[in-house]
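**Student:** Questions regarding the structure given below will be posed in turn.
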Amino acid sequence: SSPSHMSILKKVNNFNNSRCSCRRVMIVDDNDYNLMVLGRMLKKRNVEFIEAYDGEDALEKLTSSYDQFSQCQHPNCRRVNLILSDLNMPRRDGFLLIQDVRKLEDHQNEIPIILVSAFDKPEDIATGFQLGMDDMLHKPAKEEHIQKLLLQYLLSHS
């Protein structure tokens, strides 16, 4: 085949293996004040976000046809590209949410998950990493820590 045909195939394969450039965050917390604070920090940085009130709500929004965000045209679009989740919540806590997200399909099982919690016991941190969390942020969240995490997990992948 011709070189131009090969370069087109290579571009298509690179596109299919790349991530979409959506910058969408899901904030999961049963406390309205915490949702508001994190939401404000994301808005300030022009990052789209969706709120969920516990792990059950988050999972429903990830797996249903719920679509506050329009899906981009990228074949690997995950709709949400970062999850910031509280640990201690009713119905489904942060640990269960991590386990359930890691079982999802269509690239959603790769969504980086950061637990945002006032709990920072070594055993909680170890459990989080064992279950598949990517990072942990201590409450109250500070602007500079949010900025660093956004750069590391969201903005660097666009």
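Every chain in the structure tokens has a letter given in the order shown (A, B, ...), and although residue numbers restart at 1 in each chain, ligands are simply numbered from 1 in the order shown.
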Could you name the residues that touch Leu150 (chain A) at 12 Å or less, counting only C-alpha atoms, but leaving out those on the same chain fewer than 6 positions away, as a list of chain:residue names?

**Tutor:**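 Using only C-alpha atoms, the neighbours found are A:Arg23, A:Arg24, A:Val25, A:Leu38, A:Met41, A:Leu42, A:Arg45, A:Asn46, A:Val47, A:Glu48, A:Asn81, A:Leu82, A:Ile83, A:Leu84, A:Pro112, A:Ile113, A:Ile114, A:Asp135, A:Leu137, A:Glu143, A:Glu144, A:Ser156, A:His157, A:Ser158.
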
**Student:** What does the file look like for those residues with C-alpha atoms, as a compact mmCIF listing (two decimals), in the first residue's frame?

**Tutor:**
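For reference, part36.txt as written:
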```
# COMPACT_ATOMS: atom_id res chain seq x y z
CA ARG A 23 -12.23 17.85 30.77
CA ARG A 24 -15.10 16.61 32.86
CA VAL A 25 -14.99 15.89 36.56
CA LEU A 38 -15.00 21.76 45.08
CA MET A 41 -12.58 25.50 42.52
CA LEU A 42 -13.36 23.68 39.27
CA ARG A 45 -10.47 26.75 36.30
CA ASN A 46 -13.17 26.40 33.59
CA VAL A 47 -13.53 22.67 34.22
CA GLU A 48 -16.94 21.12 33.53
CA ASN A 81 -12.47 11.91 32.98
CA LEU A 82 -11.80 12.33 36.70
CA ILE A 83 -13.72 11.40 39.85
CA LEU A 84 -13.22 13.29 43.12
CA PRO A 112 -8.74 8.27 37.64
CA ILE A 113 -10.35 8.31 41.10
CA ILE A 114 -9.17 10.59 43.86
CA ASP A 135 -4.65 9.49 44.69
CA LEU A 137 -6.69 14.52 48.90
CA GLU A 143 -6.68 25.32 45.89
CA GLU A 144 -3.06 24.43 45.15
CA SER A 156 -2.11 16.49 30.97
CA HIS A 157 -4.25 13.95 29.07
CA SER A 158 -5.88 16.32 26.63
```

**Student:** What is the distance between CA of Asn88 (chain A) and CA of Phe119 (chain A), in Å to one decimal?

**Tutor:**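 A separation of 8.6 Å between them.
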
**Student:** Give the answer as one residue: which of A:Ser85, A:Glu60, A:Met136, A:Ile98 has the shortest atom-to-atom distance to Asn34 (chain A), using only C-alpha atoms?

**Tutor:**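 Comparing A:Ser85, A:Glu60, A:Met136, A:Ile98 against Asn34 (chain A), the winner is A:Ser85.
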
**Student:** With only C-alpha atoms as the atoms that count, which of A:Ile146, A:Val101, A:Leu96, A:Leu131 lies nearest to Thr63 (chain A)?

**Tutor:**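 Of all the options, A:Val101 lies closest to Thr63 (chain A).
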
**Student:** By how many Å are CA of Asp134 (chain A) and CA of Val37 (chain A) apart?

**Tutor:**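 Taking CA of Asp134 (chain A) and CA of Val37 (chain A), their separation equals 21.4 Å.
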
**Student:** What's the separation between CA of Pro90 (chain A) and CA of Asp32 (chain A), in Å to one decimal place?

**Tutor:**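 Between CA of Pro90 (chain A) and CA of Asp32 (chain A) the gap works out to 13.8 Å.
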